[in-house]
Every structure is written in C-alpha cells, then in structure tokens.
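Peer 1: Below you'll find model_29.cif; it's mmCIF, C-alpha atoms.
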data_my_file
loop_
_atom_site.label_atom_id
_atom_site.label_comp_id
_atom_site.auth_asym_id
_atom_site.auth_seq_id
_atom_site.Cartn_x
_atom_site.Cartn_y
_atom_site.Cartn_z
CA MET Z 1 104.46 109.68 96.67
CA LYS Z 2 106.83 112.55 97.37
CA ASP Z 3 108.16 112.49 93.80
CA TYR Z 4 104.95 111.73 91.89
CA GLY Z 5 102.08 112.38 94.27
CA SER Z 6 99.13 110.03 93.94
CA ALA Z 7 99.19 109.87 90.14
CA TRP Z 8 98.90 106.08 90.49
CA ARG Z 9 95.30 106.54 91.73
CA ILE Z 10 94.13 106.88 88.09
CA LEU Z 11 95.44 103.43 87.17
CA ARG Z 12 92.88 100.73 86.57
CA LEU Z 13 93.55 97.33 88.11
CA SER Z 14 94.42 95.91 84.70
CA SER Z 15 97.15 98.57 84.32
CA LEU Z 16 98.58 97.76 87.74
CA THR Z 17 98.48 94.06 86.92
CA ASP Z 18 100.42 94.76 83.72
CA GLN Z 19 103.01 96.76 85.68
CA ILE Z 20 103.49 93.78 88.00
CA PHE Z 21 103.74 91.52 84.95
CA ILE Z 22 106.52 93.71 83.52
CA LYS Z 23 108.45 93.50 86.81
CA ALA Z 24 108.02 89.71 87.04
CA GLN Z 25 109.06 89.19 83.42
CA ARG Z 26 112.18 91.27 83.99
CA ILE Z 27 113.05 89.18 87.05
CA ARG Z 28 112.60 86.01 85.04
CA SER Z 29 114.77 87.45 82.29
CA LEU Z 30 117.49 88.35 84.81
CA GLN Z 31 117.36 84.80 86.13
CA THR Z 32 117.74 83.20 82.71
CA ASN Z 33 119.83 85.61 80.63
CA LYS Z 34 123.56 85.92 81.12
CA ILE Z 35 123.79 89.43 79.67
CA ARG Z 36 122.25 92.34 81.58
CA LYS Z 37 121.97 95.72 79.86
CA VAL Z 38 120.44 97.69 82.75
CA ASP Z 39 122.34 97.74 86.04
CA GLU Z 40 119.41 96.97 88.33
CA GLY Z 41 118.97 93.60 89.96
CA GLN Z 42 116.08 91.47 91.10
CA ASN Z 43 115.69 93.17 94.48
CA SER Z 44 114.30 96.43 93.12
CA GLU Z 45 111.88 94.51 90.88
CA PHE Z 46 110.54 92.42 93.78
CA VAL Z 47 110.09 95.65 95.78
CA GLY Z 48 108.20 97.05 92.78
CA ILE Z 49 105.89 94.02 92.79
CA ILE Z 50 105.19 94.60 96.48
CA ASN Z 51 104.43 98.29 95.92
CA TYR Z 52 102.22 97.77 92.84
CA SER Z 53 100.35 94.96 94.62
CA LEU Z 54 99.68 97.22 97.60
CA MET Z 55 98.52 99.98 95.25
CA SER Z 56 96.16 97.42 93.70
CA LEU Z 57 94.71 96.51 97.09
CA ILE Z 58 94.14 100.21 97.78
CA GLN Z 59 92.42 100.59 94.39
CA ILE Z 60 90.17 97.60 95.15
CA GLN Z 61 89.19 99.18 98.46
CA ASN Z 62 88.82 102.80 97.31
CA GLY Z 63 88.01 102.51 93.62
CA ILE Z 64 89.83 104.19 90.77
CA ALA Z 65 90.12 107.99 90.82
CA GLU Z 66 89.78 110.25 87.81
CA THR Z 67 92.55 112.52 89.11
CA PRO Z 68 95.20 112.17 91.81
CA ASP Z 69 93.18 112.50 95.00
CA MET Z 70 95.15 111.12 97.92
CA ASP Z 71 97.59 112.86 100.24
CA LEU Z 72 100.75 111.20 101.51
CA GLU Z 73 99.41 110.55 105.02
CA THR Z 74 96.26 108.79 103.78
CA ALA Z 75 98.21 106.74 101.23
CA LEU Z 76 100.70 105.61 103.87
CA GLU Z 77 97.91 104.67 106.29
CA LEU Z 78 96.23 102.54 103.61
CA TYR Z 79 99.55 101.07 102.49
CA ASP Z 80 100.50 100.11 106.06
CA SER Z 81 97.02 98.71 106.76
CA HIS Z 82 97.07 96.43 103.70
CA LEU Z 83 100.66 95.43 104.42
CA ALA Z 84 99.76 94.46 108.00
CA GLU Z 85 96.75 92.45 106.81
CA THR Z 86 98.93 90.69 104.22
CA LYS Z 87 101.58 89.93 106.84
CA ILE Z 88 98.98 88.23 109.05
CA LEU Z 89 97.88 86.14 106.07
CA MET Z 90 101.52 85.23 105.42
CA GLU Z 91 102.09 84.23 109.03
CA ASN Z 92 98.99 82.03 109.01
CA LYS Z 93 99.86 80.37 105.70
CA ASN Z 94 103.49 80.06 106.74
CA HIS Z 95 102.38 78.13 109.80
CA ASP Z 96 100.07 75.85 107.82
CA TYR Z 97 102.63 75.21 105.06
CA GLY Z 98 105.49 74.58 107.50
CA GLU Z 99 107.66 77.37 106.10
CA ALA Z 100 108.04 75.48 102.81
CA TRP Z 101 109.17 78.70 101.10
CA ARG Z 102 112.51 78.43 102.88
CA ASP Z 103 113.36 75.41 100.71
CA MET Z 104 112.13 76.98 97.49
CA ARG Z 105 114.23 78.61 94.82
CA VAL Z 106 113.84 82.29 93.96
CA SER Z 107 113.11 81.21 90.39
CA SER Z 108 110.15 79.14 91.62
CA LEU Z 109 108.80 82.10 93.58
CA THR Z 110 109.12 84.17 90.40
CA ASP Z 111 107.16 81.56 88.43
CA LEU Z 112 104.45 81.51 91.11
CA ILE Z 113 104.16 85.31 90.87
CA ILE Z 114 103.76 85.08 87.09
CA GLN Z 115 101.13 82.37 87.56
CA LYS Z 116 99.23 84.65 89.98
CA ILE Z 117 99.40 87.48 87.43
CA LEU Z 118 97.94 85.23 84.74
CA ARG Z 119 95.17 84.20 87.14
CA ILE Z 120 94.39 87.84 87.89
CA LYS Z 121 94.28 88.66 84.17
CA GLN Z 122 91.78 85.86 83.64
CA ILE Z 123 89.63 87.09 86.53
CA GLU Z 124 89.82 90.62 85.10
CA ASP Z 125 88.76 89.27 81.71
CA ASN Z 126 85.80 87.64 83.51
CA GLN Z 127 84.82 91.06 84.97
CA GLY Z 128 85.99 89.97 88.43
CA LYS Z 129 83.70 86.97 88.67
CA THR Z 130 85.03 83.68 90.00
CA LEU Z 131 83.23 80.38 90.52
CA VAL Z 132 85.33 78.63 93.15
CA SER Z 133 88.70 80.38 93.32
CA GLU Z 134 89.83 83.12 95.63
CA GLY Z 135 89.44 86.62 94.30
CA ILE Z 136 91.89 89.15 92.97
CA ALA Z 137 92.88 90.63 96.34
CA ALA Z 138 94.13 87.26 97.64
CA ASN Z 139 96.32 86.87 94.56
CA TYR Z 140 97.87 90.32 95.09
CA GLN Z 141 98.52 89.38 98.72
CA ASP Z 142 100.20 86.14 97.67
CA MET Z 143 102.44 88.05 95.25
CA ILE Z 144 103.48 90.40 98.04
CA ASN Z 145 104.38 87.46 100.25
CA TYR Z 146 106.23 85.57 97.50
CA SER Z 147 108.22 88.75 96.81
CA VAL Z 148 109.12 89.10 100.49
CA PHE Z 149 110.27 85.47 100.56
CA ALA Z 150 112.38 86.05 97.43
CA LEU Z 151 113.96 89.16 98.96
CA ILE Z 152 114.87 87.17 102.09
CA HIS Z 153 116.50 84.49 99.93
CA LEU Z 154 118.38 87.11 97.90
CA GLN Z 155 119.77 88.74 101.08
CA LYS Z 156 121.39 85.44 102.02
CA LYS Z 157 123.41 85.30 98.78
#
Represent the structure from my file as structure tokens, please.

Peer 2:
Amino acid sequence: MKDYGSAWRILRLSSLTDQIFIKAQRIRSLQTNKIRKVDEGQNSEFVGIINYSLMSLIQIQNGIAETPDMDLETALELYDSHLAETKILMENKNHDYGEAWRDMRVSSLTDLIIQKILRIKQIEDNQGKTLVSEGIAANYQDMINYSVFALIHLQKK
C-alpha cells in the first residue's frame, strides 16, 4: 500500500483470481523444474497468494472501485479483519481434520490451491451462482490457509 496505494481496488475478482493462478503455477513450476531463472523461491509466492486472496475478500465485501479509493488505515483494518476470520476458520477445520495438513507435502498443498482456483474460475463463469458448493469467499479462505500451512512446512526445511 505504501508503494502503490490502493491501485488494487480497481481489480475485478477474475483478475485477482488470475494473479493467484500465476503465483500457484510458478510454485508448481519451482517444485517440478530443476532450473530456476528468477532467484525467488516458493515463500514469496505463497505470501502473494495470501495477499491476493485477502484483497479478493475485501473486494467481495466492498465491491470493485473505479479508482483507488482506500487509505492505508482502512485497508489494514479490512485486511486484519478478514485474516482473523480466516484464522478462526482454519482453527475450526484444523480441529475437525485432526491437523492432517502436518502430514501433507507442500506439493499437495500447491495442487489443492490450484484446484481451488479452478473452482473459483468456474463459479465466476457461472456469474457467482452455485448449487450446492461453498461460495467464492470460502475458497479464497482455504487458499490462505493452505498457503500458511505450506509456509510452515517450508520453514522447517
């Protein structure tokens, strides 16, 4: 925000989804390719997925702006609020799933993120309508949590 202001406020959800897709695809590429031409690892990409997902949740709540319209304080309040809500969801799911993520591979978490992105794209193509599945916001929250789990795994290496 200090470097770019709230320029991200003009992004439609589909654009944010595509940004997350780019990050996830790069992570997958880093995990499968032996040669790396840009000296940035998976960590920064997972952080990017977290940030773009939180921006998406803010866009869902506030709508898309025609021009940058949010000051730093407001953006941080919304960011922190959505992050706290997502953390509660993670804690509840973590309890119900018995911390299964601890035995998962980072590559599996990456694949789950890509699957969530593809689900979001399908929901977007359906103008946001779902019949029985959870909506877009829940998928963004899951991607945040999968990214956090991946970052925890990567710190242990």

Peer 1: Taking (95.9, 108.5, 100.3) in the coordinates of the supplied file, I want to know which residues reach to within 10 Å of it, counting all atoms listed in the file; could you give the answer as a VMD selection string?

Peer 2: chain Z and resid 1 5 to 6 9 58 62 68 to 79

Peer 1: Can you work out the spacing between atom CA of Z:Ile120 and atom CA of Z:Asn139 in Å, to one decimal?

Peer 2: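 We find that atom CA of Z:Ile120 and atom CA of Z:Asn139 lie 7.0 Å from each other.
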
Peer 1: Considering all atoms listed in the file, state which residue in the set Z:Asp125, Z:Glu66, Z:Glu45, Z:Asp3 is at the smallest distance from Z:Ile144.

Peer 2: Z:Glu45

Peer 1: Pick out the closest residue to Z:Ala100 from this set: Z:Ser44, Z:Ile117, Z:His82, Z:Phe149. Count only C-alpha atoms.

Peer 2: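 The shortest atom-to-atom distance to Z:Ala100 comes from Z:Phe149.
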
Peer 1: Take atom CA of Z:Ile27 and atom CA of Z:Leu13 and report the distance between them in Å, one decimal.

Peer 2: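 One can read the atom CA of Z:Ile27 to atom CA of Z:Leu13 distance as 21.2 Å.
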
Peer 1: How many Å lie between atom CA of Z:Tyr97 and atom CA of Z:Gly41, rounded to one decimal?

Peer 2: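 Answer for the atom CA of Z:Tyr97 to atom CA of Z:Gly41 separation: 28.9 Å.
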
Peer 1: With all atoms listed in the file as the atoms that count, which of Z:Asp80, Z:Asp18, Z:Asp39, Z:Glu85 lies nearest to Z:Ala138?

Peer 2: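 Checking each of Z:Asp80, Z:Asp18, Z:Asp39, Z:Glu85 against Z:Ala138, counting all atoms listed in the file, the winner is Z:Glu85.
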
Peer 1: Check the smallest atom-to-atom distance from each of Z:Ile136, Z:Asn145, Z:Val38, Z:Glu124 to Z:Glu91 using all atoms listed in the file, then report the winner.

Peer 2: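 The answer is Z:Asn145, which sits nearest to Z:Glu91.
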
Peer 1: Considering only C-alpha atoms, can you say which of Z:Gln42, Z:Tyr140, Z:Leu54, Z:Gly128 comes closest to Z:Ser107?

Peer 2: Z:Gln42

Peer 1: Could you check the closest approach to Z:Gly48 for each of Z:Lys23, Z:Arg36, Z:His95, Z:Ser81 and tell me which residue wins, using all atoms listed in the file?

Peer 2: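 Closest to Z:Gly48 of all the choices is Z:Lys23.
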
Peer 1: Save stretch 120-131 of chain Z from what I just supplied, as a CSV table (one decimal), in the first residue's frame, atoms limited to C-alpha atoms.

Peer 2:
chain,number,residue,atom,x,y,z
Z,120,ILE,CA,-13.4,-20.2,-8.4
Z,121,LYS,CA,-13.0,-19.7,-12.1
Z,122,GLN,CA,-15.9,-22.0,-12.7
Z,123,ILE,CA,-18.0,-20.1,-10.2
Z,124,GLU,CA,-17.0,-16.8,-11.8
Z,125,ASP,CA,-18.0,-18.2,-15.2
Z,126,ASN,CA,-21.4,-19.1,-13.6
Z,127,GLN,CA,-21.8,-15.4,-12.5
Z,128,GLY,CA,-21.2,-16.4,-8.9
Z,129,LYS,CA,-24.0,-18.9,-8.7
Z,130,THR,CA,-23.5,-22.3,-7.0
Z,131,LEU,CA,-26.0,-25.1,-6.5
